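Below is run-v6.txt, holding compact mmCIF, C-alpha atoms and all ligand atoms.
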```txt
# COMPACT_ATOMS: atom_id res chain seq x y z
CA MET A 1 26.13 203.04 -109.85
CA THR A 2 26.15 204.94 -113.13
CA SER A 3 24.38 203.53 -116.17
CA LYS A 4 27.77 203.20 -117.89
CA ARG A 5 29.07 200.97 -115.06
CA ILE A 6 25.88 198.88 -115.09
CA PHE A 7 26.31 198.44 -118.85
CA HIS A 8 29.92 197.28 -118.35
CA LEU A 9 28.91 194.91 -115.57
CA ILE A 10 26.17 193.30 -117.70
CA SER A 11 28.55 193.02 -120.69
CA PHE A 12 31.13 191.37 -118.46
CA LEU A 13 28.60 188.83 -117.11
CA LEU A 14 27.27 187.99 -120.58
CA PHE A 15 30.81 187.57 -121.91
CA ASN A 16 31.64 185.13 -119.09
CA CYS A 17 28.45 183.15 -119.70
CA PHE A 18 29.41 182.92 -123.35
CA ILE A 19 32.94 181.76 -122.60
CA LEU A 20 31.76 179.19 -120.03
CA SER A 21 29.08 177.80 -122.31
CA SER A 22 31.56 177.44 -125.17
CA TYR A 23 33.66 175.13 -123.04
CA ALA A 24 30.86 172.91 -121.71
CA GLU A 25 32.29 169.45 -121.24
CA ILE A 26 30.82 166.99 -123.70
CA SER A 27 32.11 163.53 -124.45
CA PRO A 28 34.25 163.77 -127.62
CA SER A 29 32.42 160.80 -129.10
CA LEU A 30 29.29 162.94 -129.32
CA TYR A 31 30.94 164.90 -132.13
CA HIS A 32 31.56 161.64 -133.98
CA LEU A 33 27.83 161.07 -134.41
CA LYS A 34 27.71 163.12 -137.62
CA LYS A 35 30.53 161.14 -139.21
CA ALA A 36 29.19 157.84 -137.92
CA TYR A 37 25.55 158.33 -138.98
CA PRO A 38 25.76 160.72 -141.97
CA GLN A 39 22.28 159.86 -143.27
CA TYR A 40 20.70 161.01 -140.02
CA VAL A 41 22.81 163.58 -138.20
CA GLN A 42 23.10 167.10 -139.62
CA SER A 43 25.32 168.64 -136.92
CA VAL A 44 26.26 168.42 -133.26
CA THR A 45 26.86 171.35 -130.94
CA ASN A 46 27.56 171.46 -127.21
CA HIS A 47 23.84 171.68 -126.62
CA TYR A 48 21.96 169.96 -129.43
CA ILE A 49 22.08 167.12 -131.91
CA TYR A 50 20.44 168.40 -135.10
CA TRP A 51 18.83 165.82 -137.38
CA LYS A 52 18.45 165.96 -141.14
CA ASP A 53 14.64 165.86 -140.79
CA GLY A 54 14.72 169.24 -139.01
CA THR A 55 14.27 167.95 -135.45
CA ARG A 56 16.84 168.18 -132.69
CA ILE A 57 17.71 166.44 -129.44
CA SER A 58 18.61 168.73 -126.60
CA ILE A 59 21.48 167.80 -124.32
CA GLN A 60 20.26 168.33 -120.78
CA GLY A 61 22.50 169.91 -118.21
CA SER A 62 24.19 172.12 -120.76
CA SER A 63 21.90 175.06 -120.03
CA SER A 64 23.74 178.24 -120.83
CA PHE A 65 23.66 181.63 -122.43
CA LEU A 66 24.10 179.96 -125.83
CA ASP A 67 21.00 177.85 -125.19
CA TRP A 68 19.10 181.00 -124.41
CA ILE A 69 20.23 182.62 -127.67
CA ASN A 70 19.49 179.44 -129.57
CA HIS A 71 16.02 179.27 -128.08
CA PHE A 72 15.29 182.74 -129.44
CA PHE A 73 16.69 182.35 -132.93
CA TYR A 74 16.23 178.68 -133.78
CA SER A 75 13.36 178.41 -136.23
CA GLY A 76 13.38 174.65 -136.89
CA SER A 77 11.09 172.02 -135.36
CA PRO A 78 11.01 171.68 -131.59
CA SER A 79 13.13 169.16 -129.72
CA ILE A 80 11.92 165.60 -130.07
CA ASP A 81 13.58 164.37 -126.90
CA THR A 82 16.45 165.12 -124.62
CA ILE A 83 19.61 163.34 -123.66
CA SER A 84 21.26 163.93 -120.29
CA GLN A 85 24.90 164.81 -119.69
CA LYS A 86 25.14 161.56 -117.73
CA GLU A 87 24.00 159.57 -120.77
CA VAL A 88 26.43 161.42 -123.01
CA GLN A 89 29.33 160.82 -120.66
CA ARG A 90 28.44 157.14 -120.33
CA GLU A 91 27.76 156.90 -124.05
CA HIS A 92 24.28 155.49 -123.55
CA TYR A 93 22.59 157.49 -126.24
CA GLU A 94 19.09 156.17 -125.68
CA ALA A 95 17.41 159.22 -127.27
CA VAL A 96 19.74 158.93 -130.28
CA PHE A 97 19.03 155.22 -130.72
CA LYS A 98 15.28 155.78 -130.35
CA LYS A 99 15.41 158.45 -133.02
CA MET A 100 17.26 156.23 -135.50
CA TYR A 101 15.96 152.74 -134.78
CA GLY A 102 12.49 153.30 -133.27
CA GLY A 103 11.07 154.72 -130.06
CA SER A 104 9.04 151.65 -129.03
CA ILE A 105 9.18 147.88 -129.38
CA LYS A 106 6.54 148.18 -132.13
CA GLU A 107 8.55 150.73 -134.12
CA VAL A 108 11.80 148.78 -133.81
CA ARG A 109 10.06 145.56 -134.91
CA GLN A 110 8.95 147.19 -138.18
CA HIS A 111 12.59 147.29 -139.31
CA LEU A 112 13.78 143.88 -138.14
CA LYS A 113 15.05 141.21 -140.50
CA THR A 114 16.14 137.65 -139.81
CA VAL A 115 19.79 136.86 -140.51
CA TYR A 116 20.79 133.21 -140.32
CA TRP A 117 23.98 133.02 -138.30
CA MET A 118 26.86 131.26 -140.08
CA PRO A 119 24.46 129.24 -142.30
CA HIS A 120 27.22 127.26 -144.06
CA VAL A 121 28.19 125.85 -140.67
CA TYR A 122 24.90 125.75 -138.76
CA GLY A 123 22.22 125.81 -141.49
CA LYS A 124 19.09 127.56 -140.21
CA LEU A 125 19.75 126.72 -136.56
CA TYR A 126 20.33 130.30 -135.40
CA PRO A 127 17.96 132.91 -136.83
CA LEU A 128 18.96 136.33 -135.44
CA LYS A 129 16.76 139.38 -135.64
CA VAL A 130 18.52 142.68 -136.36
CA THR A 131 17.47 146.01 -137.82
CA THR A 132 17.84 146.90 -141.50
CA ILE A 133 18.53 150.55 -140.54
CA ASN A 134 22.10 151.66 -141.27
CA GLY A 135 22.43 148.41 -143.26
CA ILE A 136 23.04 146.50 -140.03
CA ASP A 137 21.44 143.28 -141.35
CA LYS A 138 23.87 143.29 -144.30
CA LYS A 139 26.81 144.07 -142.03
CA LEU A 140 25.93 141.13 -139.79
CA GLN A 141 25.64 138.88 -142.86
CA ARG A 142 29.16 139.92 -143.91
CA ILE A 143 30.46 139.30 -140.36
CA SER A 144 28.80 135.88 -140.37
CA ALA A 145 30.37 135.02 -143.76
CA ALA A 146 33.84 136.13 -142.59
CA LEU A 147 33.57 134.12 -139.36
CA GLU A 148 32.63 130.98 -141.31
CA LYS A 149 36.02 131.20 -143.01
CA LEU A 150 37.93 130.99 -139.73
CA PRO A 151 39.45 127.62 -138.74
CA PRO A 152 36.82 125.37 -137.10
CA SER A 153 38.61 125.72 -133.75
CA TYR A 154 36.99 129.19 -133.51
CA PHE A 155 33.44 127.94 -133.93
CA LYS A 156 32.93 127.03 -130.28
CA TYR A 157 32.92 130.75 -129.42
CA LEU A 158 30.34 131.45 -132.10
CA ALA A 159 27.91 128.53 -131.68
CA ARG A 160 24.69 129.06 -129.74
CA PRO A 161 24.66 132.87 -130.04
CA ALA A 162 23.00 134.14 -126.89
CA GLY A 163 20.73 136.67 -128.59
CA SER A 164 20.14 139.68 -130.76
CA PHE A 165 16.91 141.74 -130.62
CA TYR A 166 15.41 141.86 -127.16
CA TRP A 167 13.56 144.93 -125.81
CA ARG A 168 14.75 145.32 -122.23
CA ARG A 169 16.45 147.57 -119.72
CA VAL A 170 20.03 146.88 -118.63
CA GLU A 171 20.02 144.92 -115.37
CA GLY A 172 19.98 147.32 -112.43
CA GLU A 173 20.00 150.41 -114.68
CA ASP A 174 17.32 152.77 -115.95
CA TYR A 175 18.29 152.76 -119.62
CA LEU A 176 17.50 150.38 -122.48
CA SER A 177 20.02 147.79 -123.59
CA THR A 178 21.23 148.24 -127.17
CA HIS A 179 19.64 144.83 -127.82
CA SER A 180 16.34 146.72 -127.70
CA PHE A 181 17.14 148.40 -131.01
CA GLY A 182 18.24 145.33 -132.98
CA ILE A 183 21.84 146.57 -133.22
CA ALA A 184 23.55 144.11 -130.85
CA ILE A 185 24.45 140.44 -130.76
CA ASP A 186 25.81 138.16 -128.04
CA ILE A 187 27.93 135.18 -129.07
CA ASN A 188 28.29 131.99 -127.01
CA SER A 189 27.73 132.93 -123.36
CA HIS A 190 29.68 129.83 -122.28
CA TYR A 191 32.96 131.56 -123.19
CA SER A 192 31.93 135.00 -122.01
CA ASN A 193 33.15 137.06 -119.10
CA TYR A 194 30.82 139.56 -117.57
CA TRP A 195 32.01 141.95 -114.91
CA LEU A 196 29.06 141.27 -112.62
CA TRP A 197 29.54 137.48 -112.73
CA ASP A 198 33.25 137.87 -112.00
CA TYR A 199 32.51 140.34 -109.24
CA LYS A 200 30.03 137.98 -107.58
CA LYS A 201 32.45 135.07 -107.90
CA THR A 202 35.69 136.77 -106.87
CA ARG A 203 34.51 139.72 -104.75
CA LYS A 204 37.54 141.58 -106.09
CA PRO A 205 37.34 145.37 -106.00
CA LEU A 206 36.00 146.75 -109.28
CA ASN A 207 39.25 148.53 -110.21
CA GLN A 208 41.12 145.21 -109.88
CA LEU A 209 38.45 143.30 -111.80
CA ARG A 210 39.26 145.00 -115.09
CA HIS A 211 42.94 144.13 -114.69
CA TYR A 212 41.92 140.59 -113.79
CA LYS A 213 39.87 140.30 -116.97
CA LEU A 214 42.64 141.64 -119.20
CA ILE A 215 45.31 139.37 -117.75
CA CYS A 216 43.62 136.01 -117.46
CA HIS A 217 39.94 136.13 -118.09
CA ASN A 218 39.09 137.10 -121.63
CA ARG A 219 38.58 134.02 -123.78
CA ILE A 220 37.28 135.66 -126.97
CA PRO A 221 40.00 135.54 -129.68
CA ASP A 222 41.17 138.83 -131.13
CA LYS A 223 40.47 137.61 -134.68
CA ILE A 224 36.73 137.48 -133.89
CA VAL A 225 36.80 140.97 -132.34
CA LYS A 226 38.55 142.34 -135.46
CA ILE A 227 36.01 140.83 -137.87
CA PHE A 228 33.18 142.55 -135.97
CA ALA A 229 35.13 145.82 -135.74
CA LYS A 230 35.64 145.93 -139.51
CA GLU A 231 31.87 146.36 -139.88
CA GLY A 232 31.55 148.95 -137.10
CA PHE A 233 30.59 146.56 -134.29
CA TYR A 234 32.16 147.53 -130.97
CA TRP A 235 33.20 144.80 -128.55
CA GLY A 236 31.78 144.74 -125.00
CA GLY A 237 35.18 143.52 -123.77
CA ASN A 238 36.51 147.06 -124.29
CA TRP A 239 34.20 148.54 -121.71
CA TYR A 240 35.24 149.17 -118.15
CA PHE A 241 32.22 147.07 -117.13
CA TYR A 242 33.11 144.35 -119.59
CA ASP A 243 30.77 141.89 -121.28
CA THR A 244 32.93 139.85 -123.64
CA MET A 245 30.16 138.04 -125.56
CA HIS A 246 28.55 141.33 -126.58
CA PHE A 247 29.00 143.25 -129.85
CA GLU A 248 26.97 146.27 -130.96
CA TYR A 249 26.92 148.50 -134.03
CA ARG A 250 28.61 151.70 -132.80
CA PRO A 251 30.61 153.40 -135.55
CA ASP A 252 30.70 156.53 -133.35
CA LEU A 253 33.02 154.70 -130.94
CA PHE A 254 35.60 153.99 -133.66
CA ALA A 255 35.94 157.53 -134.98
ZN ZN B 1 24.59 141.78 -125.21
```
Step by step, read the file and then write its structure as structure tokens.
Amino acid sequence: MTSKRIFHLISFLLFNCFILSSYAEISPSLYHLKKAYPQYVQSVTNHYIYWKDGTRISIQGSSSFLDWINHFFYSGSPSIDTISQKEVQREHYEAVFKKMYGGSIKEVRQHLKTVYWMPHVYGKLYPLKVTTINGIDKKLQRISAALEKLPPSYFKYLARPAGSFYWRRVEGEDYLSTHSFGIAIDINSHYSNYWLWDYKKTRKPLNQLRHYKLICHNRIPDKIVKIFAKEGFYWGGNWYFYDTMHFEYRPDLFA
């Protein structure tokens, strides 16, 4: 093979690597991180989340020619952690949450504040711990104030909130619950539907369970869901594996 042909062959291979890497499949919501968390996120590419403090999170499983180039020319700080394609696709951004809210129980605790839940209705009965990062404590206070203005018939769904900050892994999974970061709250579990409970009770196939929930099983009124959504709190009832008492601060899911 002549050197000219070898040169053309290498050029062709590099070009293909470039094209393939440019079309790496990343969940679209990943690109919403910059808009959702403008104080923290500088930019998002197919392969990295760049932070305003000069660090970056690498997205595993997107190894490509572009990564290789990036590795050579990137002069910023090294990666602080990585996030897998699986996490990105399932929108469990553990590395992202750790970066913003704290990487350990001790770090998260440093930012927690107590918010009294619906104090004009319940007094100081329900102190909830949430993070002050991204103004989440203030957002929850506004949600609480708006919910207090609903007719009293709504209060049964909101009494005895089932929890806020709690450092733990999701049952049967290897990632942390968003409760671990002080960004989630569960309202009254008595009126909640959780896919696993329904599955154990009904033994319906999972694809039928979601339909089942939508038709006859959700008991959380839409008005409550909308009040949370206005402050960037995403409802667990929207997930395929639903959990209707759960709300978490996820502005990236609304973009
Ligand atoms: Zn929850």
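Those residues that approach Phe254 in chain A to within 8 Å, counting only C-alpha atoms, are Gly232, Tyr234, Arg250, Pro251 and Asp252 of chain A; same-chain residues fewer than 2 positions away are not listed.
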(request) Can you work out which one of A:Pro152, A:Pro119, A:Pro205, A:Pro161 has the shortest atom-to-atom distance to ligand ZN 1 (chain B), counting only C-alpha atoms and all ligand atoms? (result)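 Residue with the minimum atom-to-atom distance to ligand ZN 1 (chain B): A:Pro161.
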(request) In Å, rounded to a single decimal, give me how far CA of Val115 in chain A is from CA of Leu140 in chain A. (result) 7.5 Å
(request) Could you please determine the separation between CA of Ile185 in chain A and CA of Ser164 in chain A in Å, to one decimal place? (result) 4.4 Å
For Leu30 in chain A, work out the shell of residues within 12 Å, counting only C-alpha atoms and skipping chain neighbours fewer than 4 positions away, then give it as a PDB file with C-alpha atoms, in the frame of the given file.
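New file out.pdb:
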```pdb
ATOM      1  CA  GLU A  25      32.290 169.450-121.240  1.00  0.00           C
ATOM      2  CA  ILE A  26      30.820 166.990-123.700  1.00  0.00           C
ATOM      3  CA  LYS A  34      27.710 163.120-137.620  1.00  0.00           C
ATOM      4  CA  LYS A  35      30.530 161.140-139.210  1.00  0.00           C
ATOM      5  CA  ALA A  36      29.190 157.840-137.920  1.00  0.00           C
ATOM      6  CA  TYR A  37      25.550 158.330-138.980  1.00  0.00           C
ATOM      7  CA  VAL A  41      22.810 163.580-138.200  1.00  0.00           C
ATOM      8  CA  SER A  43      25.320 168.640-136.920  1.00  0.00           C
ATOM      9  CA  VAL A  44      26.260 168.420-133.260  1.00  0.00           C
ATOM     10  CA  THR A  45      26.860 171.350-130.940  1.00  0.00           C
ATOM     11  CA  ASN A  46      27.560 171.460-127.210  1.00  0.00           C
ATOM     12  CA  HIS A  47      23.840 171.680-126.620  1.00  0.00           C
ATOM     13  CA  TYR A  48      21.960 169.960-129.430  1.00  0.00           C
ATOM     14  CA  ILE A  49      22.080 167.120-131.910  1.00  0.00           C
ATOM     15  CA  TYR A  50      20.440 168.400-135.100  1.00  0.00           C
ATOM     16  CA  ILE A  59      21.480 167.800-124.320  1.00  0.00           C
ATOM     17  CA  ILE A  83      19.610 163.340-123.660  1.00  0.00           C
ATOM     18  CA  GLN A  85      24.900 164.810-119.690  1.00  0.00           C
ATOM     19  CA  GLU A  87      24.000 159.570-120.770  1.00  0.00           C
ATOM     20  CA  VAL A  88      26.430 161.420-123.010  1.00  0.00           C
ATOM     21  CA  GLN A  89      29.330 160.820-120.660  1.00  0.00           C
ATOM     22  CA  ARG A  90      28.440 157.140-120.330  1.00  0.00           C
ATOM     23  CA  GLU A  91      27.760 156.900-124.050  1.00  0.00           C
ATOM     24  CA  HIS A  92      24.280 155.490-123.550  1.00  0.00           C
ATOM     25  CA  TYR A  93      22.590 157.490-126.240  1.00  0.00           C
ATOM     26  CA  VAL A  96      19.740 158.930-130.280  1.00  0.00           C
ATOM     27  CA  ARG A 250      28.610 151.700-132.800  1.00  0.00           C
ATOM     28  CA  PRO A 251      30.610 153.400-135.550  1.00  0.00           C
ATOM     29  CA  ASP A 252      30.700 156.530-133.350  1.00  0.00           C
ATOM     30  CA  LEU A 253      33.020 154.700-130.940  1.00  0.00           C
ATOM     31  CA  PHE A 254      35.600 153.990-133.660  1.00  0.00           C
ATOM     32  CA  ALA A 255      35.940 157.530-134.980  1.00  0.00           C
TER      33      ALA A 255
END
```
Counting all atoms listed in the file, which residues of chain A fall within 12 Å of ligand ZN 1 (chain B), and what is the closest atom pair for each with its distance in Å at one decimal, ordered by chain and rising number, as a Markdown table?
```
| residue | atom | partner | partner_atom | distance |
| --- | --- | --- | --- | --- |
| A:Pro161 | CA | B:ZN1 | ZN | 10.1 |
| A:Ala162 | CA | B:ZN1 | ZN | 8.0 |
| A:Gly163 | CA | B:ZN1 | ZN | 7.2 |
| A:Ser164 | CA | B:ZN1 | ZN | 7.4 |
| A:Phe165 | CA | B:ZN1 | ZN | 9.4 |
| A:Tyr166 | CA | B:ZN1 | ZN | 9.4 |
| A:Trp167 | CA | B:ZN1 | ZN | 11.5 |
| A:Arg168 | CA | B:ZN1 | ZN | 10.9 |
| A:Arg169 | CA | B:ZN1 | ZN | 11.4 |
| A:Val170 | CA | B:ZN1 | ZN | 9.5 |
| A:Glu171 | CA | B:ZN1 | ZN | 11.3 |
| A:Leu176 | CA | B:ZN1 | ZN | 11.5 |
| A:Ser177 | CA | B:ZN1 | ZN | 7.7 |
| A:Thr178 | CA | B:ZN1 | ZN | 7.5 |
| A:His179 | CA | B:ZN1 | ZN | 6.4 |
| A:Ser180 | CA | B:ZN1 | ZN | 9.9 |
| A:Phe181 | CA | B:ZN1 | ZN | 11.5 |
| A:Gly182 | CA | B:ZN1 | ZN | 10.6 |
| A:Ile183 | CA | B:ZN1 | ZN | 9.7 |
| A:Ala184 | CA | B:ZN1 | ZN | 6.2 |
| A:Ile185 | CA | B:ZN1 | ZN | 5.7 |
| A:Asp186 | CA | B:ZN1 | ZN | 4.8 |
| A:Ile187 | CA | B:ZN1 | ZN | 8.3 |
| A:Asn188 | CA | B:ZN1 | ZN | 10.6 |
| A:Ser189 | CA | B:ZN1 | ZN | 9.6 |
| A:Ser192 | CA | B:ZN1 | ZN | 10.5 |
| A:Asn193 | CA | B:ZN1 | ZN | 11.5 |
| A:Tyr194 | CA | B:ZN1 | ZN | 10.1 |
| A:Phe233 | CA | B:ZN1 | ZN | 11.9 |
| A:Tyr234 | CA | B:ZN1 | ZN | 11.1 |
| A:Trp235 | CA | B:ZN1 | ZN | 9.7 |
| A:Gly236 | CA | B:ZN1 | ZN | 7.8 |
| A:Gly237 | CA | B:ZN1 | ZN | 10.8 |
| A:Tyr242 | CA | B:ZN1 | ZN | 10.5 |
| A:Asp243 | CA | B:ZN1 | ZN | 7.3 |
| A:Thr244 | CA | B:ZN1 | ZN | 8.7 |
| A:Met245 | CA | B:ZN1 | ZN | 6.7 |
| A:His246 | CA | B:ZN1 | ZN | 4.2 |
| A:Phe247 | CA | B:ZN1 | ZN | 6.6 |
| A:Glu248 | CA | B:ZN1 | ZN | 7.7 |
| A:Tyr249 | CA | B:ZN1 | ZN | 11.3 |
```
(message) Report, in Å with one decimal, the straight-line distance from CA of Gly172 in chain A to CA of Thr202 in chain A.
(response)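 Between CA of Gly172 in chain A and CA of Thr202 in chain A the gap is 19.7 Å.
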(message) Under the rule that all atoms listed in the file are counted, which of A:Glu231, A:Asp53, A:Asp174, A:Glu107 is the nearest residue to Asp137 in chain A?
(response) A:Glu231
(message) With only C-alpha atoms as the counted atoms, please give the residues lying no more than 8 Å from Tyr116 in chain A, apart from itself and same-chain residues fewer than 5 positions off, as a list in words.
(response)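 After dropping sequence-adjacent residues, the list is Gly123, Lys124, Leu125, Tyr126, Pro127, Leu128 and Gln141 of chain A.
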(request) Give the answer as one residue: which of A:Gln208, A:Leu158, A:Ile143, A:Phe241 has the shortest atom-to-atom distance to Ala229 in chain A, using only C-alpha atoms? (result)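 Using only C-alpha atoms, Ala229 in chain A sits closest to A:Ile143.
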(request) Find, counting all atoms listed in the file, the residue in A:Ser29, A:Thr114, A:Gln39, A:Thr82 that gets nearest to Met100 in chain A. (result)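 Going through A:Ser29, A:Thr114, A:Gln39, A:Thr82 one by one, the smallest distance to Met100 in chain A is for A:Gln39.
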